[in-house]
Amino acid sequence: MKLEIERKFLVEAAVWEGADFPSAEIRQGYFCRGEDYSLRVRIQDARALLTIKGKPDGITRKEFEYEIPLADAEEMLREFCCDRIIEKTRYYIPWKGFTWEVDQYYGANQGLITAEIELPDEQTQFDRPGWLGREVSQDLRYSNESLATNPLPERSKKQS
């Protein structure tokens with residue numbers, strides 16, 4: 001079992017434009033939610049993962065992740081996730097000792113860009129890149145599961 005300690009922010013600028021950052025195409029879907037967990041299937045490029053995440057405690061939660069056959073993931077998305085699917089491009093941006101994962105969303109969440117940083121513990125200090133906007137770590141509307149079931153209206157995606 002792994003603990004995921006993560007902070008999430010809105011992004012104010014397209015940091016990857018004109019840069020050659022590594023990226024991955026991601027399609028992930030969510031099964032019906034349990035009271036204390038979420039279950040998702042993700043296809044990232046040609047790799048498939050089944051992930052169970054526990055209920056958040058602040059910015060920390062338990063996470064179990066298993067690689068599964070790609071064909072099984074495709075079928076799970078079709079059969080069990082239906083319209084609870086998000087699509088995004090993830091960019092990996094190194095910044096002062098950490099790698100930021102910047103997600104550019106498509107489909108119903110078109111226009112939304114978020115950045116996440118995984119930390120070794122909740123007290124870890126880090127420098128904020130200038131392109132970060134408002135922190136949304138504990139705003140459940142910005143969780144990928146919520147974005148899959150309740151896309152954000154255009155006005156919620158903008159910095160105000």
# chains A, B, ... in the order shown; residues from 1 in each chain; ligands from 1
>>> residues_around(residues="Tyr92 in chain A", least_positions_apart="2", cutoff="6 Å", atoms="only C-alpha atoms", output="PyMOL selection string")
chain A and resi 22+100-101
>>> select_by_dssp(residues="range 69-149 of chain A", states="strand (DSSP E or B)", output="list in words")
Ile85, Ile86, Glu87, Lys88, Thr89, Arg90, Tyr91, Tyr92, Ile93, Pro94, Trp95, Phe98, Thr99, Trp100, Glu101, Val102, Asp103, Gln104, Tyr105, Ile113, Thr114, Ala115, Glu116, Ile117, Glu118, Leu132, Gly133, Arg134 and Glu135 of chain A
>>> select_by_dssp(residues="range 38-147 of chain A", states="helix (DSSP H, G or I)", output="JSON, numbers by chain")
{"A": [70, 71, 72, 73, 74, 75, 76, 77, 78, 79, 80, 81, 107, 108, 109, 140, 141, 142, 144, 145, 146, 147]}
>>> atom_distance(atom1="CA of Ser23 in chain A", atom2="CA of Gln44 in chain A")
10.0 Å
>>> residues_around(residues="range 119-122 of chain A", least_positions_apart="5", cutoff="9 Å", atoms="only C-alpha atoms", output="list of chain:residue names")
A:Glu4, A:Ile5, A:Glu6, A:Arg7, A:Gly58, A:Ile59, A:Thr60, A:Phe98
>>> atom_distance(atom1="CA of Tyr37 in chain A", atom2="CA of Lys62 in chain A")
9.2 Å
>>> residues_around(residues="Ala13 in chain A", least_positions_apart="3", cutoff="10 Å", atoms="only C-alpha atoms", output="list in words")
Leu10, Trp16, Glu17, Ile113, Gly130, Trp131, Leu132 and Gly133 of chain A
>>> residues_around(residues="Thr149 in chain A", least_positions_apart="4", cutoff="10 Å", atoms="only C-alpha atoms", output="MDAnalysis selection string")
chainID A and resid 29:30 83:86 108 141 144:145
>>> write_last_selection(atoms="N, CA and C atoms", output="short mmCIF file (atom, residue, chain, number, x, y, z; two decimals), in the first residue's frame")
data_model
loop_
_atom_site.label_atom_id
_atom_site.label_comp_id
_atom_site.auth_asym_id
_atom_site.auth_seq_id
_atom_site.Cartn_x
_atom_site.Cartn_y
_atom_site.Cartn_z
N GLY A 29 -11.50 6.16 -16.46
CA GLY A 29 -12.91 6.09 -16.12
C GLY A 29 -13.10 5.63 -14.69
N TYR A 30 -14.25 5.99 -14.15
CA TYR A 30 -14.55 5.69 -12.75
C TYR A 30 -15.74 4.76 -12.65
N ASP A 83 -20.24 7.01 -19.04
CA ASP A 83 -19.96 8.43 -19.26
C ASP A 83 -19.13 9.05 -18.14
N ARG A 84 -18.56 8.24 -17.27
CA ARG A 84 -17.71 8.74 -16.18
C ARG A 84 -16.24 8.62 -16.60
N ILE A 85 -15.90 9.30 -17.68
CA ILE A 85 -14.56 9.19 -18.28
C ILE A 85 -14.01 10.59 -18.51
N ILE A 86 -12.72 10.76 -18.23
CA ILE A 86 -12.04 12.00 -18.59
C ILE A 86 -10.88 11.66 -19.52
N ALA A 108 -15.68 17.44 -22.03
CA ALA A 108 -16.55 18.30 -21.22
C ALA A 108 -15.76 19.24 -20.30
N ARG A 141 -14.43 19.44 -6.19
CA ARG A 141 -14.90 19.66 -7.56
C ARG A 141 -13.79 19.41 -8.58
N ASN A 144 -10.31 14.28 -10.11
CA ASN A 144 -10.59 13.68 -11.41
C ASN A 144 -11.89 12.90 -11.40
N GLU A 145 -12.20 12.26 -10.31
CA GLU A 145 -13.46 11.52 -10.21
C GLU A 145 -14.65 12.47 -10.36
#
>>> closest_residue(among="A:Leu50, A:Val11, A:Ile93, A:Leu77", to="Arg27 in chain A", atoms="only C-alpha atoms")
A:Leu77
>>> closest_residue(among="A:Met1, A:Cys32, A:Ala24, A:Ala46", to="Tyr66 in chain A", atoms="only C-alpha atoms")
A:Met1
>>> atom_distance(atom1="CA of Asp103 in chain A", atom2="CA of Phe21 in chain A")
12.4 Å
>>> residues_around(residues="Arg42 in chain A", least_positions_apart="2", cutoff="6 Å", atoms="only C-alpha atoms", output="PyMOL selection string")
chain A and resi 27-28+48-49
>>> write_last_selection(atoms="N, CA and C atoms", output="PDB file, in the first residue's frame")
ATOM      1  N   ARG A  27      -6.615   8.392 -20.646  1.00  0.00           N
ATOM      2  CA  ARG A  27      -8.074   8.230 -20.642  1.00  0.00           C
ATOM      3  C   ARG A  27      -8.366   7.398 -19.407  1.00  0.00           C
ATOM      4  N   GLN A  28      -9.208   7.915 -18.533  1.00  0.00           N
ATOM      5  CA  GLN A  28      -9.528   7.163 -17.317  1.00  0.00           C
ATOM      6  C   GLN A  28     -10.996   7.265 -17.000  1.00  0.00           C
ATOM      7  N   ALA A  48      -2.059   0.064 -19.000  1.00  0.00           N
ATOM      8  CA  ALA A  48      -3.350   0.130 -18.312  1.00  0.00           C
ATOM      9  C   ALA A  48      -3.179  -0.171 -16.830  1.00  0.00           C
ATOM     10  N   LEU A  49      -3.906   0.586 -16.006  1.00  0.00           N
ATOM     11  CA  LEU A  49      -3.813   0.448 -14.556  1.00  0.00           C
ATOM     12  C   LEU A  49      -5.202   0.456 -13.928  1.00  0.00           C
TER      13      LEU A  49
END
>>> closest_residue(among="A:Glu87, A:Pro153, A:Met76, A:Gln125", to="Gly107 in chain A", atoms="only C-alpha atoms")
A:Glu87
>>> closest_residue(among="A:Arg47, A:Lys8, A:Arg128, A:Lys53", to="Pro94 in chain A", atoms="only C-alpha atoms")
A:Arg128
>>> closest_residue(among="A:Thr124, A:Ile43, A:Pro129, A:Asp20", to="Ala71 in chain A", atoms="only C-alpha atoms")
A:Ile43
